[in-house]
>>> print(open('final.cif').read())   # mmCIF, C-alpha atoms
data_run
#
loop_
_atom_site.label_atom_id
_atom_site.label_comp_id
_atom_site.auth_asym_id
_atom_site.auth_seq_id
_atom_site.Cartn_x
_atom_site.Cartn_y
_atom_site.Cartn_z
CA MET M 129 101.67 95.84 79.91
CA GLU M 130 103.37 92.47 80.13
CA TYR M 131 103.13 90.47 83.34
CA ARG M 132 105.84 88.10 84.54
CA ARG M 133 106.33 85.66 87.37
CA LEU M 134 108.39 86.92 90.26
CA GLY M 135 111.24 84.42 90.16
CA ALA M 136 110.01 80.88 90.75
CA THR M 137 106.77 82.03 92.42
CA GLY M 138 103.31 82.18 90.93
CA LEU M 139 103.03 85.91 91.69
CA LYS M 140 102.57 88.01 88.55
CA VAL M 141 104.10 91.47 88.44
CA SER M 142 104.02 94.13 85.72
CA GLU M 143 107.10 94.60 83.54
CA LEU M 144 107.59 98.03 85.09
CA CYS M 145 107.57 98.62 88.84
CA LEU M 146 106.82 102.10 90.14
CA GLY M 147 109.42 103.17 92.67
CA CYS M 148 107.91 105.44 95.31
CA MET M 149 111.13 106.79 96.84
CA THR M 150 110.38 110.38 95.77
CA PHE M 151 106.96 110.45 97.46
CA GLY M 152 107.01 112.85 100.38
CA ARG M 153 110.39 114.20 99.36
CA GLU M 154 110.60 115.68 95.84
CA THR M 155 107.02 114.68 95.03
CA ASP M 156 104.00 115.93 96.97
CA GLU M 157 101.00 113.70 97.61
CA ALA M 158 98.75 115.20 94.94
CA THR M 159 101.39 114.61 92.26
CA ALA M 160 102.16 111.15 93.63
CA ARG M 161 98.50 110.21 93.31
CA LYS M 162 98.46 111.28 89.66
CA ILE M 163 101.62 109.24 89.02
CA VAL M 164 100.17 106.12 90.66
CA ASP M 165 96.78 106.52 88.97
CA ARG M 166 98.39 106.77 85.54
CA PHE M 167 100.63 103.78 86.22
CA ILE M 168 97.71 101.62 87.30
CA ASP M 169 95.51 102.84 84.44
CA LEU M 170 98.13 101.52 82.00
CA GLY M 171 98.20 98.11 83.68
CA GLY M 172 100.93 98.54 86.26
CA ASN M 173 100.39 96.55 89.44
CA PHE M 174 103.79 96.61 91.19
CA LEU M 175 104.86 99.38 93.61
CA ASP M 176 108.08 99.53 95.62
CA THR M 177 108.93 101.65 98.65
CA ALA M 178 110.89 101.36 101.92
CA ASN M 179 110.45 102.14 105.58
CA VAL M 180 113.08 104.89 105.45
CA TYR M 181 112.10 106.71 102.25
CA ALA M 182 111.24 110.29 103.24
CA ALA M 183 111.47 109.14 106.87
CA GLY M 184 108.36 106.98 106.46
CA ALA M 185 106.32 109.50 104.48
CA SER M 186 106.68 107.46 101.29
CA GLU M 187 104.95 104.49 102.89
CA GLU M 188 102.23 106.72 104.36
CA ILE M 189 101.49 108.39 101.03
CA THR M 190 101.60 105.13 99.11
CA GLY M 191 99.27 103.52 101.63
CA ARG M 192 96.68 106.28 101.33
CA ILE M 193 96.80 106.25 97.54
CA ILE M 194 96.28 102.50 97.12
CA LYS M 195 94.02 101.91 100.13
CA ASP M 196 90.84 101.42 98.09
CA ARG M 197 92.50 99.12 95.51
CA ARG M 198 94.85 97.17 97.75
CA GLN M 199 93.87 93.75 96.39
CA SER M 200 94.84 94.66 92.82
CA VAL M 201 98.32 95.92 93.76
CA VAL M 202 101.54 94.04 94.49
CA LEU M 203 103.08 96.10 97.27
CA ALA M 204 106.77 95.88 98.18
CA THR M 205 108.69 97.59 100.95
CA LYS M 206 112.00 97.13 102.77
CA VAL M 207 113.59 96.82 106.19
CA ARG M 208 117.14 97.33 107.47
CA PHE M 209 117.86 100.99 108.15
CA ASN M 210 116.56 103.70 110.46
CA ALA M 211 115.56 107.06 108.98
CA ASN M 212 117.49 108.89 111.71
CA ILE M 213 120.81 108.00 110.10
CA PHE M 214 119.78 110.05 107.05
CA LEU M 215 118.61 112.91 109.25
CA GLY M 216 121.82 113.12 111.28
CA LYS M 217 120.06 112.00 114.45
CA PRO M 218 121.22 109.32 116.91
CA VAL M 219 119.95 105.79 116.33
CA PRO M 220 119.31 103.44 119.28
CA PRO M 221 121.46 100.29 118.87
CA ASN M 222 118.49 97.93 118.45
CA ASP M 223 116.56 100.13 116.02
CA ILE M 224 118.66 99.29 112.99
CA GLY M 225 119.81 96.15 111.21
CA LEU M 226 118.29 92.76 110.50
CA SER M 227 117.91 91.33 113.98
CA ARG M 228 114.68 89.53 114.89
CA ARG M 229 113.81 92.38 117.23
CA HIS M 230 114.21 95.10 114.60
CA ILE M 231 112.49 93.19 111.79
CA LEU M 232 109.43 92.34 113.91
CA ALA M 233 109.17 95.93 115.15
CA GLU M 234 109.60 97.51 111.72
CA VAL M 235 107.10 95.31 109.92
CA GLU M 236 104.39 96.51 112.31
CA ARG M 237 105.31 100.14 111.67
CA SER M 238 105.29 99.58 107.90
CA LEU M 239 101.90 97.86 108.07
CA ARG M 240 100.46 100.82 109.96
CA ARG M 241 101.91 103.39 107.57
CA LEU M 242 100.78 101.42 104.52
CA GLN M 243 97.30 100.89 106.04
CA THR M 244 97.31 97.19 105.17
CA ASP M 245 97.40 93.91 107.04
CA TYR M 246 99.94 92.25 104.74
CA ILE M 247 102.93 93.10 102.58
CA ASP M 248 103.26 91.27 99.27
CA LEU M 249 107.06 91.48 99.04
CA TYR M 250 109.14 92.27 102.13
CA GLN M 251 112.78 92.93 101.29
CA VAL M 252 115.92 93.35 103.37
CA HIS M 253 117.56 96.56 102.19
CA SER M 254 121.16 95.32 102.40
CA TRP M 255 123.31 92.75 104.20
CA ASP M 256 123.81 93.10 107.97
CA PHE M 257 127.27 91.97 109.06
CA GLU M 258 126.31 92.16 112.75
CA THR M 259 123.36 89.77 112.63
CA PRO M 260 123.63 86.04 111.77
CA ILE M 261 121.76 85.40 108.54
CA GLU M 262 120.06 82.45 110.26
CA GLU M 263 118.39 84.88 112.68
CA THR M 264 117.24 87.12 109.84
CA MET M 265 115.83 84.27 107.74
CA ARG M 266 113.98 82.72 110.70
CA ALA M 267 112.35 86.07 111.50
CA LEU M 268 111.29 86.50 107.86
CA ASP M 269 110.00 82.92 107.75
CA ASP M 270 107.87 83.63 110.83
CA LEU M 271 106.31 86.64 109.09
CA VAL M 272 105.48 84.53 106.04
CA ARG M 273 103.89 81.82 108.20
CA GLN M 274 101.89 84.47 110.07
CA GLY M 275 100.57 85.87 106.79
CA LYS M 276 101.90 89.37 107.43
CA VAL M 277 104.32 88.90 104.53
CA ARG M 278 103.58 86.89 101.37
CA TYR M 279 107.03 86.78 99.72
CA ILE M 280 110.52 87.87 100.75
CA GLY M 281 113.38 89.43 98.84
CA ALA M 282 116.79 91.02 99.21
CA SER M 283 118.34 94.21 97.91
CA ASN M 284 121.96 95.15 97.22
CA PHE M 285 123.37 91.71 98.08
CA THR M 286 126.59 90.38 96.63
CA ALA M 287 126.55 86.93 95.05
CA TRP M 288 128.04 85.23 98.10
CA GLN M 289 125.56 86.93 100.44
CA LEU M 290 122.61 85.81 98.35
CA MET M 291 123.92 82.26 98.00
CA LYS M 292 124.58 82.03 101.76
CA SER M 293 121.02 83.16 102.44
CA LEU M 294 119.53 80.64 100.02
CA TRP M 295 121.64 77.87 101.54
CA VAL M 296 120.43 78.71 105.06
CA SER M 297 116.81 78.65 103.88
CA ASP M 298 117.24 75.33 102.09
CA LYS M 299 119.08 73.76 105.02
CA HIS M 300 116.49 74.77 107.64
CA ASN M 301 113.37 74.63 105.42
CA LEU M 302 112.73 78.35 105.76
CA ALA M 303 111.12 80.80 103.34
CA ARG M 304 113.55 81.61 100.55
CA PHE M 305 114.39 84.93 98.94
CA ASP M 306 112.16 85.12 95.87
CA SER M 307 113.76 88.22 94.40
CA LEU M 308 116.81 90.45 94.41
CA GLN M 309 116.98 94.22 93.85
CA PRO M 310 120.38 95.12 92.37
CA GLN M 311 121.59 98.20 90.55
CA TYR M 312 121.56 97.43 86.82
CA SER M 313 121.65 99.50 83.66
CA LEU M 314 123.67 99.98 80.50
CA ILE M 315 125.96 102.09 82.69
CA SER M 316 126.19 99.59 85.58
CA ARG M 317 126.46 96.03 84.23
CA GLU M 318 128.65 94.51 86.95
CA ILE M 319 125.93 92.12 88.15
CA GLU M 320 126.36 90.19 84.90
CA ARG M 321 129.61 88.77 86.32
CA GLU M 322 128.10 86.56 89.01
CA ILE M 323 124.82 87.87 90.43
CA LEU M 324 122.68 87.50 87.31
CA PRO M 325 123.92 83.96 86.52
CA LEU M 326 123.27 83.01 90.15
CA CYS M 327 119.75 84.43 90.13
CA ARG M 328 118.92 82.65 86.88
CA TYR M 329 120.28 79.36 88.18
CA GLU M 330 118.46 79.61 91.52
CA GLN M 331 115.33 81.11 89.91
CA VAL M 332 115.46 84.28 91.98
CA GLY M 333 113.59 87.10 90.27
CA VAL M 334 115.65 90.21 89.49
CA ILE M 335 114.12 93.67 89.99
CA PRO M 336 116.73 96.23 88.89
CA TRP M 337 116.85 99.71 90.34
CA SER M 338 118.43 102.76 88.67
CA PRO M 339 117.86 101.40 85.13
CA LEU M 340 118.68 104.86 83.73
CA GLY M 341 122.20 104.85 85.14
CA GLY M 342 121.59 107.34 87.93
CA GLY M 343 119.92 109.71 85.47
CA PHE M 344 122.74 109.57 82.90
CA LEU M 345 120.38 107.96 80.36
CA THR M 346 117.32 110.15 80.86
CA GLY M 347 117.90 112.21 77.73
CA LYS M 348 118.68 115.38 79.69
CA TYR M 349 122.42 115.03 79.22
CA ARG M 350 124.63 114.95 76.13
CA SER M 351 128.03 113.41 75.61
CA GLY M 352 130.84 115.89 76.12
CA GLN M 353 128.64 118.43 77.91
CA LYS M 354 128.57 119.12 81.64
CA PRO M 355 125.18 118.72 83.34
CA PRO M 356 123.15 121.82 84.24
CA GLU M 357 123.94 123.10 87.75
CA GLU M 358 120.38 122.42 88.93
CA SER M 359 120.37 118.82 87.65
CA ARG M 360 120.43 115.78 89.93
CA LEU M 361 123.81 114.56 88.65
CA ALA M 362 125.40 117.93 89.34
CA LYS M 363 123.86 118.28 92.78
CA MET M 364 124.93 114.78 93.83
CA ASP M 365 128.39 115.20 92.31
CA LEU M 366 127.96 112.05 90.23
CA TRP M 367 129.11 113.47 86.92
CA GLY M 368 132.81 112.94 87.60
CA ARG M 369 132.19 109.25 88.18
CA LEU M 370 129.90 108.76 85.19
CA ALA M 371 131.60 110.96 82.60
CA ASN M 372 134.04 108.56 80.97
CA GLU M 373 134.68 107.24 77.48
CA ARG M 374 132.66 104.03 77.89
CA ASN M 375 129.60 105.82 79.26
CA TYR M 376 129.74 108.52 76.56
CA ARG M 377 129.93 105.76 73.95
CA THR M 378 126.92 104.08 75.53
CA LEU M 379 124.93 107.31 75.67
CA GLU M 380 125.65 108.00 72.01
CA ALA M 381 124.44 104.52 71.03
CA VAL M 382 121.22 104.98 73.02
CA GLU M 383 120.69 108.42 71.48
CA ARG M 384 121.21 107.03 67.97
CA ILE M 385 118.67 104.23 68.43
CA ALA M 386 116.20 106.58 70.11
CA ALA M 387 116.42 108.98 67.16
CA GLU M 388 115.94 106.15 64.64
CA ARG M 389 112.93 104.86 66.57
CA GLY M 390 111.45 108.26 67.30
CA ARG M 391 111.56 107.40 70.99
CA ALA M 392 112.87 109.04 74.13
CA VAL M 393 116.36 108.10 75.34
CA ALA M 394 114.91 106.84 78.64
CA GLU M 395 112.54 104.48 76.81
CA ILE M 396 115.42 102.78 74.98
CA ALA M 397 117.48 102.44 78.16
CA LEU M 398 114.54 100.93 80.06
CA ALA M 399 113.73 98.56 77.21
CA TRP M 400 117.29 97.20 77.16
CA VAL M 401 117.16 96.31 80.87
CA ASN M 402 113.65 94.90 80.48
CA GLN M 403 114.78 92.46 77.78
CA GLN M 404 117.67 90.92 79.71
CA PRO M 405 117.07 87.26 80.69
CA GLY M 406 115.95 86.77 84.28
CA ILE M 407 114.44 90.22 84.79
CA SER M 408 111.05 90.06 86.50
CA SER M 409 110.33 93.79 86.55
CA VAL M 410 112.24 97.07 86.22
CA ILE M 411 111.94 99.75 88.90
CA TYR M 412 111.63 103.31 87.64
CA GLY M 413 111.07 106.49 89.59
CA ALA M 414 109.43 109.78 88.71
CA ARG M 415 109.39 113.12 90.48
CA THR M 416 106.84 114.65 88.11
CA THR M 417 103.95 113.53 85.93
CA GLU M 418 106.05 114.43 82.88
CA GLN M 419 108.87 112.11 83.95
CA ASN M 420 106.32 109.41 84.70
CA GLU M 421 104.81 109.69 81.23
CA GLN M 422 108.20 109.44 79.56
CA ASN M 423 109.14 106.32 81.49
CA LEU M 424 105.78 104.70 80.84
CA GLY M 425 106.52 105.06 77.15
CA ALA M 426 108.76 101.99 77.53
CA ILE M 427 105.72 99.74 78.11
CA GLY M 428 105.67 97.08 75.42
CA LEU M 429 108.78 98.46 73.69
CA ARG M 430 110.97 95.65 72.38
CA LEU M 431 114.34 96.28 70.77
CA GLU M 432 115.51 94.38 67.70
CA GLN M 433 118.45 92.01 68.05
CA ALA M 434 120.71 94.35 66.04
CA GLU M 435 119.84 97.18 68.45
CA LEU M 436 120.53 95.01 71.48
CA ASP M 437 123.86 93.98 69.95
CA GLU M 438 124.81 97.61 69.33
CA LEU M 439 124.02 98.58 72.92
CA ASP M 440 125.84 95.53 74.29
CA LYS M 441 128.95 96.41 72.29
CA ALA M 442 128.94 100.07 73.27
CA SER M 443 128.49 99.36 76.99
CA ALA M 444 130.59 96.20 77.24
CA LEU M 445 132.50 95.58 80.45
CA ALA M 446 136.18 94.70 80.50
CA PRO M 447 136.87 91.06 79.45
CA GLU M 448 135.79 88.51 82.02
CA TYR M 449 138.19 86.28 83.87
CA PRO M 450 138.87 82.80 82.41
CA GLY M 451 136.01 80.37 82.86
CA ALA M 452 133.46 83.05 83.73
CA MET M 453 131.24 82.11 80.83
CA GLN M 454 130.76 78.69 82.39
CA ALA M 455 128.72 80.42 85.10
CA ARG M 456 126.01 81.24 82.55
CA THR M 457 123.92 78.13 83.00
CA GLN M 458 120.29 77.30 82.51
CA PRO M 459 118.06 77.55 85.62
CA ARG M 460 118.07 74.35 87.57
CA ALA M 461 114.93 72.24 87.81
CA ARG M 462 113.05 72.84 91.05
#
>>> encode(input="final.cif", output="structure tokens")
Amino acid sequence: MEYRRLGATGLKVSELCLGCMTFGRETDEATARKIVDRFIDLGGNFLDTANVYAAGASEEITGRIIKDRRQSVVLATKVRFNANIFLGKPVPPNDIGLSRRHILAEVERSLRRLQTDYIDLYQVHSWDFETPIEETMRALDDLVRQGKVRYIGASNFTAWQLMKSLWVSDKHNLARFDSLQPQYSLISREIEREILPLCRYEQVGVIPWSPLGGGFLTGKYRSGQKPPEESRLAKMDLWGRLANERNYRTLEAVERIAAERGRAVAEIALAWVNQQPGISSVIYGARTTEQNEQNLGAIGLRLEQAELDELDKASALAPEYPGAMQARTQPRAR
């Protein structure tokens, strides 16, 4: 397992990050423990969850599993939403968002569920248009100064939202976002337009989620064939959005390289994301021990330049606007 710095920090995280979203939902605690144990046995040290996953059960299960080895794990969770919105229940107006009140209340709940007195990486789950970013950053800075949170990050931010946040931190000498969690895969490469160049320039670590394109690149699906009715893509009605000429071309290229390498399709897809400049760690999820084992097969896998070029060509986005390439700069000196 390779270890990398999280952005500009000195914190070292494993090249793969175990996403715990399925814990307490599709994955029971006994299976979750086996998944975590295997991940840690192979050198993984980075786990990611959120306060709303499985209405808090994900944090509870994760906390119980890692309780006796807390010091060897880099634990990340998130704040922003209220689980009631996913359960169709009413949400009190101050129990959602990124206000000081909600952040300070939620961090205490997460600490209790995780059975720990600190969170390594505390991330805002998405932008909050109703709360001034200054209020959010000051609340997060207070948590860092109190020691309840060691590092802070963002998830699902646009480039302007991230840059605004960094500017506020720099202007007021507040803790800065050390990482960003965006969607990124061979199927979803839009962050290469502005977000990735920004993160590289500002030395913000990138922790992609959905590196298998929403399941499209797991190896369960074949170009030109509809997904099985019981599959995740069929149940979530994602196939119509993903089944297009570009994505089929991408899938075929991944399948070809996987066959030549004697590897699983998911391993090749994960390896491609893992080798992109600026990536600190790649989040993968697993509902079963079998899925976990397949994803862990990507540990240490490095694609040759010709293979990277083939995948880049197959999955290429539409041509960029004039001058876009100028945004691809070297990280600034800090």
>>> resolve_selection(input="final.cif", expression="the PyMOL selection byres ((chain M and resi 237-246) around 6)", output="ChimeraX atom specification")
/M:187-188,191,234-236,247,276-277
>>> atom_distance(input="final.cif", atom1="atom CA of M:Ile280", atom2="atom CA of M:Pro218")
28.9 Å
>>> resolve_selection(input="final.cif", expression="the PyMOL selection byres ((chain M and resi 305) around 12)", output="short mmCIF file (atom, residue, chain, number, x, y, z; two decimals) with C-alpha atoms, in the frame of the given file")
data_model
loop_
_atom_site.label_atom_id
_atom_site.label_comp_id
_atom_site.auth_asym_id
_atom_site.auth_seq_id
_atom_site.Cartn_x
_atom_site.Cartn_y
_atom_site.Cartn_z
CA LEU M 134 108.39 86.92 90.26
CA GLY M 135 111.24 84.42 90.16
CA ALA M 136 110.01 80.88 90.75
CA THR M 137 106.77 82.03 92.42
CA LEU M 249 107.06 91.48 99.04
CA TYR M 250 109.14 92.27 102.13
CA GLN M 251 112.78 92.93 101.29
CA VAL M 252 115.92 93.35 103.37
CA THR M 264 117.24 87.12 109.84
CA MET M 265 115.83 84.27 107.74
CA ARG M 266 113.98 82.72 110.70
CA LEU M 268 111.29 86.50 107.86
CA ASP M 269 110.00 82.92 107.75
CA VAL M 272 105.48 84.53 106.04
CA ARG M 278 103.58 86.89 101.37
CA TYR M 279 107.03 86.78 99.72
CA ILE M 280 110.52 87.87 100.75
CA GLY M 281 113.38 89.43 98.84
CA ALA M 282 116.79 91.02 99.21
CA SER M 283 118.34 94.21 97.91
CA PHE M 285 123.37 91.71 98.08
CA GLN M 289 125.56 86.93 100.44
CA LEU M 290 122.61 85.81 98.35
CA MET M 291 123.92 82.26 98.00
CA LYS M 292 124.58 82.03 101.76
CA SER M 293 121.02 83.16 102.44
CA LEU M 294 119.53 80.64 100.02
CA TRP M 295 121.64 77.87 101.54
CA VAL M 296 120.43 78.71 105.06
CA SER M 297 116.81 78.65 103.88
CA ASP M 298 117.24 75.33 102.09
CA LEU M 302 112.73 78.35 105.76
CA ALA M 303 111.12 80.80 103.34
CA ARG M 304 113.55 81.61 100.55
CA ASP M 306 112.16 85.12 95.87
CA SER M 307 113.76 88.22 94.40
CA LEU M 308 116.81 90.45 94.41
CA GLN M 309 116.98 94.22 93.85
CA CYS M 327 119.75 84.43 90.13
CA GLU M 330 118.46 79.61 91.52
CA GLN M 331 115.33 81.11 89.91
CA VAL M 332 115.46 84.28 91.98
CA GLY M 333 113.59 87.10 90.27
CA VAL M 334 115.65 90.21 89.49
#
>>> residues_around(input="final.cif", residues="M:Thr378", least_positions_apart="4", cutoff="8 Å", atoms="only C-alpha atoms", output="list of chain:residue names")
M:Leu314, M:Ile315, M:Arg374, M:Val382, M:Leu439, M:Ala442, M:Ser443
>>> resolve_selection(input="final.cif", expression="the PyMOL selection byres ((chain M and resi 208) around 12)", output="PyMOL selection string")
chain M and resi 178-181+205-207+209-211+213+222-235+250-259+264+282-284
>>> residues_around(input="final.cif", residues="M:Leu379", least_positions_apart="3", cutoff="12 Å", atoms="only C-alpha atoms", output="PyMOL selection string")
chain M and resi 313-315+340-341+343-353+370-376+382-386+393-394+396-397+438-440+442-443
>>> closest_residue(input="final.cif", among="M:Lys217, M:Arg321, M:Arg132, M:Lys162", to="M:Arg415", atoms="all atoms listed in the file")
M:Lys162
>>> closest_residue(input="final.cif", among="M:Glu380, M:Glu262, M:Glu320, M:Glu435", to="M:Trp400", atoms="all atoms listed in the file")
M:Glu435
>>> closest_residue(input="final.cif", among="M:Gly428, M:Pro260, M:Pro310, M:Gly216", to="M:Pro336", atoms="all atoms listed in the file")
M:Pro310
>>> atom_distance(input="final.cif", atom1="atom CA of M:Val410", atom2="atom CA of M:Ser142")
8.7 Å
